[in-house]
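Written out below as structure tokens is the structure these notes cover.
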Amino acid sequence: MKNGAFISCVYLGFFSQVAQVIILRETLAAFAGVEMVLGLTLAVWLLAVGVGGYAGNRLPVRVSPRADRSTGEGTYQAVGILFAIAGVLLPLTVMAIRQLPAIFNFAPGEIMGVGVSLLGALLTISPLCLVLGLLFTVNARLFAHEAQTWVGQAYLLEAAGAAAGGLVVTFILLPFSSDLVVTLGLIPPTIGIIVVLRGRMSLFYAIRLFFLTAIWFIFAANFGPIARFDRATRAINRAVGEVVAVADSPHGQLAVTRYVDQYSLFVNGTLSSSYPDQLSAEEAVHFALLSHPAPQSALLIGGGTGGALGEMRKHGVSVDYVELDPRLIELARDNFPGTVTREFADCRIITGDGRAYLAQTGVRYDVIVLNLGEPSTAMVNRFFTREFYALVKDHLTPTGVFSFRAVSAEEYISPERGMFLSTLYKTLKEVFSKIVVLPGRTNIFIVGNDAVKLISRPEQFAARLQERGIHTSFVNESMLPFRLTPAASEYLGQQLNIPEAGLNTDRQPLCYYYNSILWSRQFTGRSATSPSFITSLSPPVLIAAALVFFVLVLLACWLTRSGSSVPFIFSLFISGMTAMAMEIVLLYCFQVYLGHIYAKIGVLVACFMVGMSLGSYLFNRRVQVSPSILILGHIVPAVLMAGFLGCTTLCSAGSLSGAVVELLFYLFSLLFGAAGGALFIVANRLYMLRLCSAGAVPVGTGYAVDLAGSALGALVVSSLLLPVWGIAQTIWLLAALNLIVIFIVSLFGRIQK
């Protein structure tokens with residue numbers, strides 16, 4: 001049919017991008033909101049698509065530009081079959097992801113190690129991605145142009161469709177429907193595309209019929225049995241007890257469960273709070289408030305649905321409560337006992353990001369309590385960094401105190417737990433001069449400004465409880481001496497001063513990494529990688545590894561220097577790695593500085609794909625390409641990375657408003673996508689020119705190499721470089737790799753006329 005290749009490529013990009021956004025959201029929810037899994041999922045996605053693209057070279061389909069393609073034979077028939085398989089696999093993939101915690105027997109809220117996360121992604125998303133890779137190569141073979149432009153045309157059209165898919169799924173589909181329902185809603189338009197490609201229906205009528213059907217399907221599914229099935233398959237339903245309410249919010253999947261008389265609220269499968277939970281509520285606030293001689297005002301950041309607000313009010317203070325997700329408060333009001341509603345009425349509720357609130361307000365508090373749990377995600381880790389502590393210090397009164405809790409142990413603290421606690425302690429010491437850490441199963445960190453006189457002995461806390469006439473069940477005169485023993489305090493002090501501990505910062509989230517290992521070992525004894533091994537991979541070690549890699553590439557180019565395609569293969573690999581690695585860095589930084597990546601994944605990825613389509617379009621129009629253009633193309637990402645690094649410095653300093661930061665992230669995502677798209681077109685064209693004299697050209701090879709580099713970049717950056725090295729050193733390493741490509745292409749990239 002006329003324009004069949006165009007339609008197929010654009011819809012493939014649209015379908016793939018909708019699928020990718022949905023799968024990223026689902027994996028984020030299934031893996032307890034840990035952002036590291038985004039990189040691991042993208043790595044598996046790219047690798048499997050690359051394998052499928054390479055395998056597409058060997059798919060036995062007939063490609064003839066003179067054939068009557070309306071019969072459904074040859075390539076169009078293969079495309080139709082592959083689209084049908086993809087349409088069925090997508091909702092099955094979503095359901096499989098939701099069952100991963102149960103398959104691997106992980107407890108609610110447990111954080112999976114890197115190895116288990118990779119295995120889960122391989123098992124669930126690989127089949128779909130292999131089909132999408134096959135579709136790309138088959139689509140490229142539909143074009144009857146010169147061999148070196150086949151892939152460029154398909155790449156450009158797929159990127160344009162992907163850009164549209166990212167915007168549609170973010171702003172049109174997801175605000176009104178759930179992830180699973182959206183995937184089911186893609187089945188009718190996919191059938192429409194298959195029918196159109198077979199020449200059985202005009203494009204206009206097919207689009208109108210099947211997209212209207214899809215919209216109706218999505219609307220109806222929210223009120224029928226499919227909606228109930230969607231709720232039944234959610235990963236959060238693995239929590240103990242009856243699920244009484246579920247909801248989607250811009251910040252994740254929410255659920256309320258009931259077990260006997262206890263209500264629990266889960267966010268992305270992780271326990272956020274339970275009511276009643278008297279022990280947790282008392283520990284969270286009383287030690288902090290008792291550390292101040294006469295508190296008048298207090299700020300609670302997160303965790304106000306579990307009874308902490310009521311305990312704070314016992315001290316007679318005015319309470320401000322900051323909660324990121326207003327939907328969470330609504331669920332607690334509607335489903336928790338009435339006591340919680342009364343606690344909400346006795347305080348001033350501020351909905352929004354706690355860090356942003358402190359950056360904008362001029363209010364100073366006597367006590368600030370952080371009640372968000374441990375830094376198991378990048379979202380929470382940003383409240384345990386040196387930059388956040390400095391922000392807190394600026395909003396305390398001269399005698400003000402700041403407090404948070406961290407899971408610990410009474411008798412034995414493991415080396416990994418000790419490193420985690422030492423990192424927290426060392427980071428606090430960078431900002432505060434007065435620090436007290438109370439022992440117990442949870443360590444209470446209490447810090448203050450120079451003028452404050454902190455207390456630490458049980459009789460001191462008991463005396464202030466008596467002075468204020470406060471009655472408690474756990475933090476009381478009877479229990480305090482057993483918890484705050486001199487021996488326990490001495491042992492804890494030894495574990496807080498590990499010399500190898502580093503600083504937890506916005507741009508180097510060490511606590512985020514250590515915490516993921518701790519949780520994995522705590523529940524099952526499994527761990528992806530030893531932290532001592534990871535931290536031993538210092539910059540000199542990895543630079544040495546990069547140099548060895550460089551020498552091997554140099555040797556390969558030298559041995560095959562006569563007409564070698566190695567320089568261009570190397571360029572494709574590194575350009576794919578750079579583009580995807582920077583996209584992972586952007587996703588992480590977006591979470592750190594803005595705190596709502598769950599809602600904006602689609603927009604960031606759409607901007608990246610818009611840029612990729614623009615870069616592909618501009619350079620696909622060029623009749624001639626040369627190694628000098630490729631060299632210039634590898635300079636551009638290095639310049640962009642330097643600019644982005646400067647942007648993160650301004651963000652950490654609080655020099656930019658949230659709206660400006662968000663716009664800058666979208667802009668950089670677009671620019672990195674444009675650079676990646678342009679580099680792919682130029683490097684792949686040069687690669688295919690080198691191979692043209694050999695006869696048949698494997699159109700999917702360059703695409704597979706690009707995706708292999710992208711997969712490696714996503715895997716290494718998300719699981720190793722970002723948590724341990726941090727943003728700056730990761731970016732410098734990527735820039736160095738692009739400089740190596742420039743050197744290799746300069747020496748061996750000459751194209752003979």
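Chains: A, B, ... in order of the structure tokens. Residues: from 1 per chain. Ligands: from 1, in order shown.
The environment of Val592 in chain A within 9 Å, counting only C-alpha atoms and disregarding residues fewer than 2 places along the same chain, consists of Ala378, Met379, Val380, Asn381, Arg382, Asp506, Arg507, Leu587, Tyr588, Cys589, Phe590, Leu594, Gly595 and His596 of chain A.
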Just the residues within 7 Å of Leu254 in chain A, please, counting only C-alpha atoms, with nothing from its chain fewer than 3 positions along; format it as a PyMOL selection string.
chain A and resi 246-248+266-268
Just checking: using only C-alpha atoms, which residue out of A:Val196, A:Ala19, A:Leu174, A:Ala30 ends up closest to Ala5 in chain A?
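Among the listed residues, A:Val196 lies closest to Ala5 in chain A.
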Give the answer as one residue: which of A:Cys651, A:Leu12, A:Val603, A:Ala487 has the shortest atom-to-atom distance to Ile194 in chain A, using only C-alpha atoms?
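Closest to Ile194 in chain A of all the choices is A:Leu12.
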Name the residues of range 248-404 of chain A that fall into strand (DSSP E) according to DSSP on the backbone, using the chain letters and numbers of this document, as a compact mmCIF listing (two decimals) with all heavy atoms, in the first residue's frame.
```
# COMPACT_ATOMS: atom_id res chain seq x y z
N ASP A 248 -4.25 6.20 42.02
CA ASP A 248 -3.04 6.65 41.34
C ASP A 248 -2.88 8.14 41.58
O ASP A 248 -3.86 8.89 41.60
CB ASP A 248 -3.12 6.40 39.83
CG ASP A 248 -2.90 4.94 39.48
OD1 ASP A 248 -1.92 4.37 39.98
OD2 ASP A 248 -3.71 4.37 38.72
N SER A 249 -1.65 8.56 41.80
CA SER A 249 -1.37 9.98 41.98
C SER A 249 -0.14 10.33 41.15
O SER A 249 0.54 9.43 40.64
CB SER A 249 -1.13 10.31 43.46
OG SER A 249 0.20 10.03 43.82
N GLY A 252 2.86 8.20 42.52
CA GLY A 252 2.96 6.76 42.61
C GLY A 252 1.61 6.09 42.78
O GLY A 252 0.55 6.74 42.73
N GLN A 253 1.65 4.77 42.96
CA GLN A 253 0.45 3.99 43.20
C GLN A 253 0.20 3.90 44.71
O GLN A 253 1.11 3.55 45.47
CB GLN A 253 0.60 2.58 42.62
CG GLN A 253 0.70 2.56 41.10
CD GLN A 253 0.79 1.15 40.54
OE1 GLN A 253 0.81 0.17 41.29
NE2 GLN A 253 0.85 1.03 39.23
N LEU A 254 -1.01 4.22 45.14
CA LEU A 254 -1.36 4.27 46.55
C LEU A 254 -2.38 3.17 46.88
O LEU A 254 -3.22 2.82 46.04
CB LEU A 254 -1.95 5.63 46.92
CG LEU A 254 -1.18 6.88 46.47
CD1 LEU A 254 -1.93 8.13 46.90
CD2 LEU A 254 0.23 6.87 47.02
N ALA A 255 -2.31 2.68 48.10
CA ALA A 255 -3.29 1.69 48.56
C ALA A 255 -3.45 1.79 50.06
O ALA A 255 -2.50 2.08 50.79
CB ALA A 255 -2.86 0.28 48.17
N VAL A 256 -4.67 1.55 50.51
CA VAL A 256 -4.97 1.47 51.94
C VAL A 256 -5.43 0.06 52.24
O VAL A 256 -6.30 -0.48 51.56
CB VAL A 256 -6.07 2.48 52.35
CG1 VAL A 256 -6.42 2.29 53.83
CG2 VAL A 256 -5.62 3.90 52.08
N THR A 257 -4.81 -0.57 53.24
CA THR A 257 -5.20 -1.92 53.64
C THR A 257 -5.67 -1.92 55.09
O THR A 257 -5.33 -1.02 55.87
CB THR A 257 -4.02 -2.91 53.50
OG1 THR A 257 -3.00 -2.57 54.45
CG2 THR A 257 -3.45 -2.88 52.11
N ARG A 258 -6.45 -2.94 55.44
CA ARG A 258 -6.94 -3.08 56.81
C ARG A 258 -6.71 -4.51 57.27
O ARG A 258 -7.06 -5.47 56.58
CB ARG A 258 -8.43 -2.75 56.87
CG ARG A 258 -9.02 -2.87 58.30
CD ARG A 258 -10.49 -2.47 58.31
NE ARG A 258 -11.26 -3.31 57.41
CZ ARG A 258 -12.38 -2.92 56.80
NH1 ARG A 258 -12.83 -1.70 56.97
NH2 ARG A 258 -13.02 -3.76 55.99
N TYR A 259 -6.09 -4.62 58.44
CA TYR A 259 -5.88 -5.93 59.06
C TYR A 259 -6.36 -5.83 60.50
O TYR A 259 -5.75 -5.16 61.33
CB TYR A 259 -4.41 -6.33 59.00
CG TYR A 259 -4.13 -7.70 59.57
CD1 TYR A 259 -4.52 -8.84 58.89
CD2 TYR A 259 -3.49 -7.83 60.80
CE1 TYR A 259 -4.26 -10.09 59.40
CE2 TYR A 259 -3.22 -9.09 61.33
CZ TYR A 259 -3.62 -10.23 60.63
OH TYR A 259 -3.38 -11.47 61.15
N GLN A 262 -6.10 -2.38 62.37
CA GLN A 262 -4.97 -1.54 61.96
C GLN A 262 -5.08 -1.22 60.47
O GLN A 262 -5.27 -2.10 59.64
CB GLN A 262 -3.63 -2.22 62.25
CG GLN A 262 -2.43 -1.31 61.95
CD GLN A 262 -1.12 -1.92 62.40
OE1 GLN A 262 -0.78 -3.02 62.00
NE2 GLN A 262 -0.39 -1.21 63.25
N TYR A 263 -4.93 0.06 60.17
CA TYR A 263 -4.97 0.54 58.79
C TYR A 263 -3.55 0.91 58.35
O TYR A 263 -2.79 1.52 59.11
CB TYR A 263 -5.87 1.76 58.67
CG TYR A 263 -7.33 1.46 58.90
CD1 TYR A 263 -7.84 1.31 60.19
CD2 TYR A 263 -8.21 1.31 57.83
CE1 TYR A 263 -9.18 1.02 60.42
CE2 TYR A 263 -9.55 1.03 58.05
CZ TYR A 263 -10.03 0.89 59.33
OH TYR A 263 -11.35 0.60 59.55
N SER A 264 -3.20 0.53 57.12
CA SER A 264 -1.87 0.81 56.59
C SER A 264 -1.99 1.49 55.24
O SER A 264 -2.87 1.16 54.44
CB SER A 264 -1.04 -0.47 56.46
OG SER A 264 -0.86 -1.09 57.71
N LEU A 265 -1.09 2.41 55.00
CA LEU A 265 -1.08 3.14 53.74
C LEU A 265 0.23 2.83 53.00
O LEU A 265 1.31 3.01 53.55
CB LEU A 265 -1.18 4.66 54.01
CG LEU A 265 -1.79 5.51 52.90
CD1 LEU A 265 -2.26 6.84 53.46
CD2 LEU A 265 -0.79 5.79 51.79
N PHE A 266 0.10 2.33 51.77
CA PHE A 266 1.25 1.93 50.96
C PHE A 266 1.43 2.89 49.79
O PHE A 266 0.44 3.29 49.15
CB PHE A 266 1.08 0.51 50.43
CG PHE A 266 1.20 -0.55 51.49
CD1 PHE A 266 0.13 -0.88 52.30
CD2 PHE A 266 2.40 -1.23 51.67
CE1 PHE A 266 0.23 -1.86 53.27
CE2 PHE A 266 2.52 -2.21 52.64
CZ PHE A 266 1.44 -2.53 53.45
N VAL A 267 2.67 3.23 49.50
CA VAL A 267 3.02 4.03 48.33
C VAL A 267 4.01 3.22 47.51
O VAL A 267 5.10 2.89 47.98
CB VAL A 267 3.64 5.38 48.73
CG1 VAL A 267 4.00 6.19 47.48
CG2 VAL A 267 2.69 6.17 49.62
N THR A 270 5.37 0.17 49.17
CA THR A 270 6.15 0.37 50.39
C THR A 270 5.28 0.98 51.47
O THR A 270 4.52 1.91 51.22
CB THR A 270 7.34 1.31 50.12
OG1 THR A 270 8.15 0.74 49.09
CG2 THR A 270 8.19 1.50 51.36
N LEU A 271 5.38 0.46 52.69
CA LEU A 271 4.58 0.97 53.80
C LEU A 271 4.95 2.41 54.10
O LEU A 271 6.10 2.71 54.42
CB LEU A 271 4.79 0.11 55.03
CG LEU A 271 4.01 0.51 56.28
CD1 LEU A 271 2.50 0.37 56.05
CD2 LEU A 271 4.44 -0.32 57.49
N SER A 272 3.98 3.30 54.00
CA SER A 272 4.20 4.71 54.32
C SER A 272 3.88 4.99 55.79
O SER A 272 4.62 5.68 56.48
CB SER A 272 3.35 5.59 53.42
OG SER A 272 3.40 6.95 53.80
N SER A 273 2.74 4.46 56.26
CA SER A 273 2.36 4.65 57.66
C SER A 273 1.28 3.64 58.03
O SER A 273 0.59 3.10 57.16
CB SER A 273 1.84 6.07 57.90
OG SER A 273 0.66 6.31 57.15
N SER A 274 1.15 3.39 59.33
CA SER A 274 0.07 2.56 59.86
C SER A 274 -0.59 3.30 61.01
O SER A 274 0.04 4.11 61.70
CB SER A 274 0.62 1.21 60.36
OG SER A 274 1.10 0.43 59.31
N TYR A 275 -1.88 3.01 61.19
CA TYR A 275 -2.61 3.63 62.30
C TYR A 275 -3.55 2.59 62.90
O TYR A 275 -4.32 1.97 62.17
CB TYR A 275 -3.40 4.84 61.83
CG TYR A 275 -3.95 5.64 62.98
CD1 TYR A 275 -3.22 6.70 63.51
CD2 TYR A 275 -5.19 5.33 63.54
CE1 TYR A 275 -3.72 7.43 64.57
CE2 TYR A 275 -5.68 6.05 64.61
CZ TYR A 275 -4.95 7.10 65.12
OH TYR A 275 -5.43 7.82 66.19
N SER A 297 7.01 26.12 68.26
CA SER A 297 6.60 25.83 66.88
C SER A 297 7.35 24.60 66.39
O SER A 297 8.50 24.36 66.76
CB SER A 297 6.89 27.02 65.97
OG SER A 297 8.28 27.32 65.97
N ALA A 298 6.68 23.82 65.57
CA ALA A 298 7.29 22.59 65.05
C ALA A 298 6.85 22.37 63.61
O ALA A 298 5.73 22.73 63.22
CB ALA A 298 6.92 21.39 65.91
N LEU A 299 7.74 21.77 62.85
CA LEU A 299 7.46 21.40 61.46
C LEU A 299 7.65 19.90 61.31
O LEU A 299 8.69 19.37 61.69
CB LEU A 299 8.39 22.15 60.50
CG LEU A 299 8.33 21.72 59.02
CD1 LEU A 299 6.98 22.10 58.41
CD2 LEU A 299 9.47 22.35 58.22
N LEU A 300 6.63 19.22 60.77
CA LEU A 300 6.72 17.80 60.48
C LEU A 300 6.75 17.62 58.98
O LEU A 300 5.84 18.06 58.26
CB LEU A 300 5.52 17.05 61.07
CG LEU A 300 5.47 15.54 60.80
CD1 LEU A 300 6.62 14.82 61.49
CD2 LEU A 300 4.13 14.95 61.23
N ILE A 301 7.80 16.98 58.47
CA ILE A 301 7.93 16.72 57.03
C ILE A 301 7.62 15.25 56.79
O ILE A 301 8.42 14.37 57.08
CB ILE A 301 9.34 17.07 56.53
CG1 ILE A 301 9.66 18.54 56.80
CG2 ILE A 301 9.47 16.77 55.04
CD1 ILE A 301 11.07 18.94 56.41
N SER A 318 2.50 24.78 68.11
CA SER A 318 1.80 24.94 66.84
C SER A 318 2.54 24.11 65.80
O SER A 318 3.76 24.16 65.70
CB SER A 318 1.76 26.41 66.42
OG SER A 318 3.07 26.90 66.21
N VAL A 319 1.79 23.33 65.03
CA VAL A 319 2.39 22.35 64.12
C VAL A 319 2.06 22.70 62.68
O VAL A 319 0.90 22.91 62.33
CB VAL A 319 1.90 20.93 64.44
CG1 VAL A 319 2.53 19.93 63.48
CG2 VAL A 319 2.22 20.56 65.88
N ASP A 320 3.08 22.73 61.85
CA ASP A 320 2.93 22.77 60.39
C ASP A 320 3.31 21.40 59.86
O ASP A 320 4.34 20.83 60.25
CB ASP A 320 3.85 23.83 59.77
CG ASP A 320 3.37 25.25 60.05
OD1 ASP A 320 2.23 25.40 60.53
OD2 ASP A 320 4.14 26.19 59.79
N TYR A 321 2.49 20.88 58.98
CA TYR A 321 2.71 19.54 58.43
C TYR A 321 2.82 19.64 56.91
O TYR A 321 1.88 20.07 56.25
CB TYR A 321 1.56 18.61 58.84
CG TYR A 321 1.49 17.29 58.12
CD1 TYR A 321 2.63 16.54 57.86
CD2 TYR A 321 0.26 16.77 57.71
CE1 TYR A 321 2.55 15.32 57.20
CE2 TYR A 321 0.16 15.54 57.07
CZ TYR A 321 1.31 14.83 56.81
OH TYR A 321 1.23 13.62 56.15
N VAL A 322 3.97 19.24 56.37
CA VAL A 322 4.19 19.28 54.92
C VAL A 322 4.08 17.86 54.37
O VAL A 322 4.80 16.96 54.80
CB VAL A 322 5.57 19.86 54.57
CG1 VAL A 322 5.76 19.90 53.06
CG2 VAL A 322 5.72 21.25 55.15
N GLU A 323 3.18 17.66 53.42
CA GLU A 323 2.99 16.36 52.78
C GLU A 323 3.04 16.55 51.26
O GLU A 323 2.32 17.38 50.71
CB GLU A 323 1.65 15.75 53.19
CG GLU A 323 1.34 14.41 52.52
CD GLU A 323 2.43 13.39 52.77
OE1 GLU A 323 2.67 13.04 53.93
OE2 GLU A 323 3.06 12.95 51.77
N ARG A 348 -1.62 23.01 60.64
CA ARG A 348 -1.66 23.65 59.32
C ARG A 348 -1.02 22.70 58.31
O ARG A 348 0.16 22.36 58.42
CB ARG A 348 -0.91 24.98 59.34
CG ARG A 348 -0.98 25.74 58.01
CD ARG A 348 -0.45 27.16 58.19
NE ARG A 348 1.00 27.20 58.31
CZ ARG A 348 1.83 27.59 57.34
NH1 ARG A 348 1.33 27.96 56.17
NH2 ARG A 348 3.13 27.63 57.55
N ILE A 349 -1.82 22.25 57.34
CA ILE A 349 -1.33 21.29 56.35
C ILE A 349 -0.85 22.05 55.12
O ILE A 349 -1.56 22.89 54.57
CB ILE A 349 -2.43 20.28 55.97
CG1 ILE A 349 -2.84 19.45 57.19
CG2 ILE A 349 -1.96 19.38 54.84
CD1 ILE A 349 -3.95 18.46 56.92
N ILE A 350 0.36 21.73 54.70
CA ILE A 350 0.95 22.33 53.51
C ILE A 350 1.22 21.19 52.53
O ILE A 350 2.02 20.30 52.81
CB ILE A 350 2.27 23.06 53.84
CG1 ILE A 350 2.03 24.13 54.90
CG2 ILE A 350 2.90 23.65 52.59
CD1 ILE A 350 3.26 24.48 55.69
N THR A 351 0.53 21.18 51.40
CA THR A 351 0.74 20.13 50.41
C THR A 351 1.80 20.60 49.41
O THR A 351 1.68 21.65 48.80
CB THR A 351 -0.57 19.80 49.67
OG1 THR A 351 -1.12 20.98 49.10
CG2 THR A 351 -1.56 19.19 50.63
N TYR A 365 11.61 27.54 62.83
CA TYR A 365 10.94 26.63 63.76
C TYR A 365 11.86 26.26 64.91
O TYR A 365 13.09 26.19 64.75
CB TYR A 365 10.50 25.36 63.03
CG TYR A 365 9.46 25.59 61.96
CD1 TYR A 365 9.83 25.80 60.64
CD2 TYR A 365 8.10 25.60 62.27
CE1 TYR A 365 8.88 26.00 59.65
CE2 TYR A 365 7.14 25.80 61.29
CZ TYR A 365 7.54 26.01 59.98
OH TYR A 365 6.60 26.21 59.01
N ASP A 366 11.24 25.98 66.06
CA ASP A 366 12.01 25.46 67.20
C ASP A 366 12.41 24.01 66.98
O ASP A 366 13.49 23.58 67.40
CB ASP A 366 11.18 25.57 68.49
CG ASP A 366 10.96 27.01 68.90
OD1 ASP A 366 11.88 27.82 68.73
OD2 ASP A 366 9.85 27.32 69.39
N VAL A 367 11.52 23.26 66.33
CA VAL A 367 11.78 21.84 66.08
C VAL A 367 11.34 21.49 64.66
O VAL A 367 10.24 21.85 64.25
CB VAL A 367 11.02 20.94 67.09
CG1 VAL A 367 11.28 19.46 66.77
CG2 VAL A 367 11.43 21.25 68.52
N ILE A 368 12.21 20.80 63.95
CA ILE A 368 11.87 20.25 62.63
C ILE A 368 12.10 18.75 62.69
O ILE A 368 13.20 18.29 63.04
CB ILE A 368 12.72 20.87 61.51
CG1 ILE A 368 12.44 22.38 61.40
CG2 ILE A 368 12.43 20.18 60.17
CD1 ILE A 368 13.27 23.08 60.33
N VAL A 369 11.06 17.98 62.38
CA VAL A 369 11.13 16.52 62.41
C VAL A 369 10.95 15.99 61.00
O VAL A 369 9.97 16.31 60.32
CB VAL A 369 10.05 15.92 63.33
CG1 VAL A 369 10.08 14.40 63.26
CG2 VAL A 369 10.26 16.39 64.77
N LEU A 370 11.91 15.20 60.55
CA LEU A 370 11.83 14.53 59.25
C LEU A 370 11.32 13.12 59.50
O LEU A 370 11.95 12.32 60.19
CB LEU A 370 13.22 14.50 58.60
CG LEU A 370 13.31 13.85 57.22
CD1 LEU A 370 12.52 14.64 56.19
CD2 LEU A 370 14.77 13.73 56.79
N LEU A 396 15.95 26.99 61.39
CA LEU A 396 15.83 26.72 62.82
C LEU A 396 16.07 28.01 63.61
O LEU A 396 16.88 28.85 63.22
CB LEU A 396 16.85 25.67 63.26
CG LEU A 396 16.62 24.22 62.81
CD1 LEU A 396 17.80 23.36 63.20
CD2 LEU A 396 15.32 23.66 63.38
N THR A 397 15.36 28.13 64.73
CA THR A 397 15.64 29.24 65.64
C THR A 397 17.02 29.01 66.28
O THR A 397 17.58 27.91 66.16
CB THR A 397 14.56 29.30 66.74
OG1 THR A 397 14.54 28.04 67.44
CG2 THR A 397 13.19 29.57 66.12
N PRO A 398 17.60 30.00 66.96
CA PRO A 398 18.94 29.81 67.54
C PRO A 398 19.07 28.59 68.45
O PRO A 398 20.14 27.99 68.53
CB PRO A 398 19.16 31.11 68.33
CG PRO A 398 18.35 32.12 67.58
CD PRO A 398 17.13 31.39 67.10
N THR A 399 17.99 28.22 69.12
CA THR A 399 18.03 27.03 69.98
C THR A 399 17.25 25.86 69.36
O THR A 399 16.86 24.92 70.06
CB THR A 399 17.45 27.35 71.37
OG1 THR A 399 16.11 27.84 71.22
CG2 THR A 399 18.30 28.38 72.09
N GLY A 400 17.02 25.94 68.06
CA GLY A 400 16.21 24.93 67.40
C GLY A 400 16.93 23.61 67.21
O GLY A 400 18.17 23.53 67.20
N VAL A 401 16.14 22.53 67.07
CA VAL A 401 16.69 21.19 66.86
C VAL A 401 16.03 20.55 65.65
O VAL A 401 14.89 20.85 65.30
CB VAL A 401 16.50 20.28 68.10
CG1 VAL A 401 17.23 20.85 69.30
CG2 VAL A 401 15.03 20.07 68.41
N PHE A 402 16.77 19.64 65.04
CA PHE A 402 16.30 18.88 63.88
C PHE A 402 16.53 17.41 64.17
O PHE A 402 17.55 17.03 64.76
CB PHE A 402 17.08 19.31 62.63
CG PHE A 402 16.91 18.39 61.45
CD1 PHE A 402 15.66 18.19 60.88
CD2 PHE A 402 18.01 17.74 60.89
CE1 PHE A 402 15.51 17.34 59.78
CE2 PHE A 402 17.86 16.90 59.80
CZ PHE A 402 16.61 16.70 59.24
N SER A 403 15.58 16.57 63.77
CA SER A 403 15.67 15.15 64.13
C SER A 403 15.11 14.26 63.03
O SER A 403 14.20 14.64 62.29
CB SER A 403 14.90 14.88 65.43
OG SER A 403 14.92 13.51 65.76
N PHE A 404 15.68 13.06 62.94
CA PHE A 404 15.14 12.01 62.07
C PHE A 404 15.57 10.66 62.64
O PHE A 404 16.42 10.59 63.53
CB PHE A 404 15.61 12.16 60.62
CG PHE A 404 17.10 12.07 60.43
CD1 PHE A 404 17.74 10.83 60.32
CD2 PHE A 404 17.87 13.22 60.35
CE1 PHE A 404 19.10 10.76 60.14
CE2 PHE A 404 19.24 13.15 60.17
CZ PHE A 404 19.86 11.92 60.06
```
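Nearest residue to Phe15 in chain A, choosing from A:Ser669, A:Thr124, A:Thr190, A:Ser652 and counting only C-alpha atoms: A:Thr190.
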Residues near Pro458 in chain A, anyone? I mean within 7 Å using only C-alpha atoms, not counting same-chain ones fewer than 3 positions away, as an NGL selection string.
:A and (461-462 or 480-481 or 484)
Keeping only C-alpha atoms, take the residues you just selected and write them out as a short mmCIF file (atom, residue, chain, number, x, y, z; two decimals), in the first residue's frame.
```
data_model
loop_
_atom_site.label_atom_id
_atom_site.label_comp_id
_atom_site.auth_asym_id
_atom_site.auth_seq_id
_atom_site.Cartn_x
_atom_site.Cartn_y
_atom_site.Cartn_z
CA PHE A 461 14.09 13.10 78.97
CA ALA A 462 11.96 11.72 81.83
CA LEU A 480 13.97 5.03 78.76
CA PRO A 481 16.66 3.56 81.08
CA LEU A 484 19.53 4.60 76.61
#
```
Leu722 in chain A surroundings by only C-alpha atoms, 12 Å radius, close-in-sequence under 3 positions cut, as a ChimeraX atom specification
/A:35-36,39,378,505-513,534-535,581-582,584-589,713-719,725-733
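Among A:Leu614, A:Val44, A:Leu135, A:Leu184, the residue with the shortest atom-to-atom distance to Val94 in chain A, counting only C-alpha atoms, is A:Leu184.
Residue neighbourhood of Pro499 in chain A, excluding near-sequence residues (fewer than 3 positions): A:Met419, A:Ser422, A:Thr423, A:Lys426, A:Leu496, A:Gly502, at 10 Å, using only C-alpha atoms.
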Which residue, A:Glu416, A:Asp334, A:Glu158, A:Asp179, has the smallest gap to Leu518 in chain A when you use only C-alpha atoms?
A:Glu416
